[in-house]
Structures are given as structure tokens and as C-alpha cells.
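*Asks:* One file: my_file32.cif (mmCIF, C-alpha atoms).
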data_model
loop_
_atom_site.label_atom_id
_atom_site.label_comp_id
_atom_site.auth_asym_id
_atom_site.auth_seq_id
_atom_site.Cartn_x
_atom_site.Cartn_y
_atom_site.Cartn_z
CA MET A 120 33.34 -29.78 -6.60
CA THR A 121 31.32 -32.78 -7.69
CA GLU A 122 28.56 -32.52 -10.28
CA GLU A 123 25.97 -33.16 -7.57
CA ASN A 124 27.32 -30.28 -5.44
CA LYS A 125 27.29 -27.96 -8.47
CA GLN A 126 23.63 -28.79 -9.13
CA ALA A 127 22.76 -28.17 -5.48
CA ALA A 128 24.61 -24.82 -5.53
CA ASN A 129 22.85 -23.80 -8.76
CA ALA A 130 19.47 -24.75 -7.28
CA GLU A 131 20.20 -22.53 -4.26
CA ASN A 132 21.23 -19.64 -6.51
CA ASN A 133 18.02 -20.00 -8.53
CA GLY A 134 15.76 -19.55 -5.49
CA PRO A 135 13.50 -16.52 -5.14
CA LYS A 136 15.36 -13.21 -4.85
CA MET A 137 13.93 -9.81 -4.13
CA ALA A 138 15.70 -6.47 -4.21
CA PHE A 139 14.27 -3.18 -3.06
CA GLN A 140 15.46 -0.58 -5.57
CA LYS A 141 13.75 2.73 -4.78
CA ILE A 142 11.02 4.35 -2.73
CA TYR A 143 9.42 7.65 -3.65
CA ILE A 144 6.33 9.81 -3.36
CA LYS A 145 4.30 9.50 -6.54
CA ASP A 146 1.52 11.92 -5.58
CA VAL A 147 0.55 13.95 -2.54
CA SER A 148 -2.26 16.40 -1.83
CA PHE A 149 -3.85 18.17 1.09
CA GLU A 150 -7.03 20.21 1.15
CA ALA A 151 -8.68 22.13 3.99
CA PRO A 152 -11.69 23.53 2.11
CA ASN A 153 -13.43 25.04 5.15
CA ALA A 154 -10.41 26.65 6.80
CA PRO A 155 -10.20 28.84 8.80
CA GLN A 156 -13.83 28.45 9.98
CA VAL A 157 -13.38 24.71 10.59
CA PHE A 158 -10.86 25.49 13.35
CA GLN A 159 -13.73 27.06 15.36
CA GLU A 160 -15.93 23.95 15.11
CA GLN A 161 -16.58 22.00 18.30
CA GLY A 162 -17.28 18.31 17.99
CA GLN A 163 -15.85 14.90 17.48
CA PRO A 164 -13.93 14.50 14.22
CA ASN A 165 -15.11 11.69 11.94
CA ILE A 166 -12.02 10.25 10.23
CA LYS A 167 -12.16 7.82 7.32
CA LEU A 168 -9.23 5.98 5.77
CA ASN A 169 -9.24 4.43 2.32
CA LEU A 170 -6.24 2.34 1.25
CA ASN A 171 -5.55 1.16 -2.29
CA GLN A 172 -2.63 -0.54 -3.89
CA LYS A 173 -1.60 -0.95 -7.47
CA VAL A 174 1.08 -3.09 -9.07
CA ASP A 175 2.62 -2.24 -12.44
CA LYS A 176 5.13 -4.48 -14.17
CA LEU A 177 7.98 -2.28 -15.42
CA ASP A 178 9.96 -5.00 -17.20
CA GLY A 179 10.67 -8.72 -16.88
CA ASN A 180 11.43 -8.85 -13.16
CA THR A 181 10.80 -5.29 -11.98
CA TYR A 182 7.56 -4.05 -10.44
CA GLU A 183 6.30 -0.73 -9.19
CA VAL A 184 3.99 -1.06 -6.19
CA THR A 185 1.98 2.04 -5.24
CA LEU A 186 0.18 2.30 -1.92
CA THR A 187 -2.33 5.16 -1.76
CA ALA A 188 -3.91 6.36 1.47
CA THR A 189 -6.78 8.83 1.41
CA VAL A 190 -7.78 10.28 4.78
CA THR A 191 -10.88 12.45 5.13
CA CYS A 192 -11.96 14.23 8.28
CA GLU A 193 -15.34 15.78 8.94
CA VAL A 194 -16.39 17.84 11.95
CA ASN A 195 -20.13 18.48 12.34
CA GLU A 196 -20.64 17.16 8.79
CA LYS A 197 -18.24 19.78 7.38
CA ASN A 198 -15.15 18.64 5.52
CA ALA A 199 -12.19 19.61 7.71
CA TYR A 200 -9.47 18.12 5.53
CA LEU A 201 -8.58 15.59 2.90
CA ALA A 202 -5.04 14.20 2.76
CA GLU A 203 -3.89 11.81 0.06
CA VAL A 204 -0.49 10.18 -0.31
CA ALA A 205 0.58 7.79 -3.07
CA GLN A 206 3.86 6.19 -2.01
CA ALA A 207 5.59 3.96 -4.53
CA GLY A 208 8.44 1.50 -4.48
CA ILE A 209 10.33 -0.36 -7.17
CA PHE A 210 11.01 -4.00 -6.42
CA SER A 211 13.07 -6.50 -8.40
CA MET A 212 11.68 -10.03 -8.11
CA GLU A 213 13.50 -13.05 -9.55
CA ASN A 214 12.69 -16.76 -9.60
CA PHE A 215 9.32 -16.48 -7.86
CA GLU A 216 6.53 -18.93 -8.55
CA GLU A 217 3.40 -17.11 -9.74
CA GLN A 218 1.46 -17.51 -6.46
CA ALA A 219 4.43 -16.49 -4.30
CA LEU A 220 5.08 -13.47 -6.53
CA HIS A 221 1.44 -12.39 -6.31
CA GLN A 222 1.44 -12.72 -2.51
CA THR A 223 4.75 -10.89 -2.11
CA LEU A 224 3.54 -7.99 -4.25
CA GLY A 225 0.21 -7.92 -2.42
CA ILE A 226 1.39 -8.34 1.17
CA TYR A 227 5.11 -7.76 1.69
CA CYS A 228 5.56 -4.73 -0.59
CA PRO A 229 2.65 -2.71 0.91
CA ASN A 230 4.05 -3.51 4.37
CA VAL A 231 7.36 -1.97 3.31
CA LEU A 232 5.61 1.16 1.97
CA PHE A 233 3.12 1.70 4.81
CA PRO A 234 5.48 3.40 7.34
CA TYR A 235 6.37 5.98 4.69
CA VAL A 236 2.68 6.58 3.94
CA ARG A 237 1.93 6.90 7.66
CA GLN A 238 4.65 9.52 8.12
CA GLN A 239 3.62 11.56 5.07
CA VAL A 240 -0.05 11.59 6.11
CA SER A 241 0.86 12.65 9.65
CA ASP A 242 3.16 15.42 8.39
CA LEU A 243 0.53 16.77 5.97
CA ILE A 244 -2.23 16.90 8.57
CA THR A 245 0.00 18.53 11.17
CA ALA A 246 1.28 21.09 8.65
CA GLY A 247 -2.37 21.83 7.79
CA GLY A 248 -2.94 23.02 11.37
CA PHE A 249 -4.83 19.97 12.62
CA GLN A 250 -4.18 17.52 15.44
CA PRO A 251 -1.59 14.91 14.48
CA LEU A 252 -3.00 11.65 13.15
CA LEU A 253 -1.06 8.42 13.38
CA LEU A 254 -2.53 5.72 11.17
CA GLN A 255 -2.93 2.39 12.95
CA PRO A 256 -1.07 -0.66 11.63
CA VAL A 257 -2.75 -2.44 8.74
CA ASN A 258 -2.98 -6.20 8.26
CA PHE A 259 -2.12 -6.44 4.56
CA GLU A 260 -2.27 -10.23 4.67
CA GLN A 261 -5.93 -10.06 5.73
CA MET A 262 -6.65 -7.42 3.06
CA TYR A 263 -4.99 -9.64 0.44
CA GLN A 264 -7.07 -12.66 1.49
CA GLN A 265 -10.27 -10.59 1.27
CA GLN A 266 -9.32 -9.34 -2.20
CA MET A 267 -8.67 -12.92 -3.34
CA GLN A 268 -12.05 -14.09 -1.97
CA GLN A 269 -13.83 -11.21 -3.72
CA ALA A 270 -12.06 -12.00 -6.99
CA GLN A 271 -13.05 -15.67 -6.70
CA GLN A 272 -16.68 -14.77 -5.95
CA GLN A 273 -16.76 -12.35 -8.87
CA ALA A 274 -15.27 -14.95 -11.22
CA ALA A 275 -17.80 -17.54 -9.99
CA SER A 276 -20.74 -15.18 -10.55
CA GLU A 277 -19.48 -14.27 -14.05
CA THR A 278 -19.24 -17.92 -15.08
CA LYS A 279 -22.84 -18.49 -13.95
CA GLN A 280 -24.13 -15.76 -16.25
#
Let me see whether you can do it: turn the structure in this file into C-alpha cells.
*Replies:*
Amino acid sequence: MTEENKQAANAENNGPKMAFQKIYIKDVSFEAPNAPQVFQEQGQPNIKLNLNQKVDKLDGNTYEVTLTATVTCEVNEKNAYLAEVAQAGIFSMENFEEQALHQTLGIYCPNVLFPYVRQQVSDLITAGGFQPLLLQPVNFEQMYQQQMQQAQQQAASETKQ
């Protein structure tokens, strides 16, 4: 193998690498504070979804990404249920440029976790005696872009002060 071929092979080996190590439930809760009376309520349920994600660096190349979904349901302004699932995954990320790493942790990793969150939320709500709820797909790329715009606006307003 020529020196040039060795350098090309080394450059290929030094490209970005990601490994999915583990997925697990970090926290889960379900409350039906007005049961059993809420089962008698007639009316359209008002369902709200709040999604949050958090990234923690565990060591040099290993990150824990946690996607938390909080679903609240009200019927006739009475709290029917609250379901919360924090699903986490451990990802090993090597040879990423800073921007690519940030995007991968903010877009790709939550996309990996979301089907697990969706299933856990659905199972909790069904086990609580309510109609099944299937969370709609989420555009994490759009959410990431919005978060970046908000961070830029906040940084711009802080520098003006």
C-alpha cells in the first residue's frame, strides 16, 4: 500500500462515527387525579403535549440524550390525566465537527428516541382506563432550527443591554 493510499484510508477511518449504546426509561409517571368521576364526563378532551430534550456529556465522546414528553388531558376543564415519560439513550460520537455534533444530538438522537416515548405514553394512557393516544410524528429538525433562532435572538438582545 502506498503512502498516499494509507493517508486516504486513515482519513476515511477518522470520519464521523456514531454508536447507539443503550436506550432506557429514565422517569415515568401517570396521574388521573379526578378518577373515577372523570370517566362520567361528557365532552371533547383537550390534549396538550410538551416535549423537551436534554443532552448530558458523560465522558469524552459519550452523550446521554433524554427526550421527555408530558401529555395533559382535560375534559370540561377538569384534569383527566397527566402522563410523563422521560426516555433516554446513550450515544457514542467520534470525530464530529462541533456543528455536526450539535445537530446530530439535537435532531437525530431525539428521532431515535421518539418511537419509544410514543409507545410508553400510549401504554400509560390506555392502562389508566382512557382512550388510546398515538402521538403524531414530530419534526425535530424544525424544532432544532427554532431553538437555534431563539438562542441567537436571546444572545443578540443580551449584547444590546
*Asks:* Could you expand the PyMOL selection byres ((chain A and resi 143) around 10) into the explicit residues it covers here, written as a PyMOL selection string?
*Replies:* chain A and resi 141-142+144-146+185+205-209+232+235
*Asks:* Using all atoms listed in the file, which of A:Ala138, A:Val147, A:Leu177, A:Met267 sits nearest Met212 of chain A?
*Replies:*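 Closest residue, counting all atoms listed in the file: A:Ala138.
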*Asks:* Would you compute the distance between atom CA of Glu216 of chain A and atom CA of Gly179 of chain A? Give it in Å to one decimal.
*Replies:*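 It comes out at 13.8 Å.
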*Asks:* Report the distance between atom CA of Gln269 of chain A and atom CA of Pro234 of chain A in Å, rounded to one decimal place.
*Replies:*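 Answer for the atom CA of Gln269 of chain A to atom CA of Pro234 of chain A separation: 26.6 Å.
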*Asks:* Here is a test: counting all atoms listed in the file, which residue of A:Gln172, A:Thr191, A:Gln161, A:Ser276 is nearest to Ser148 of chain A?
*Replies:*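 Looking at the shortest contact to Ser148 of chain A, the residue is A:Thr191.
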*Asks:* Determine the residue membership of the PyMOL selection byres ((chain A and resi 168) around 8) for the file above and supply it as a CSV table (one decimal) with C-alpha atoms, in the coordinates of the input.
*Replies:*
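Okay, expr_16.csv is ready:
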chain,number,residue,atom,x,y,z
A,166,ILE,CA,-12.0,10.2,10.2
A,167,LYS,CA,-12.2,7.8,7.3
A,169,ASN,CA,-9.2,4.4,2.3
A,170,LEU,CA,-6.2,2.3,1.2
A,188,ALA,CA,-3.9,6.4,1.5
A,189,THR,CA,-6.8,8.8,1.4
A,190,VAL,CA,-7.8,10.3,4.8
A,191,THR,CA,-10.9,12.4,5.1
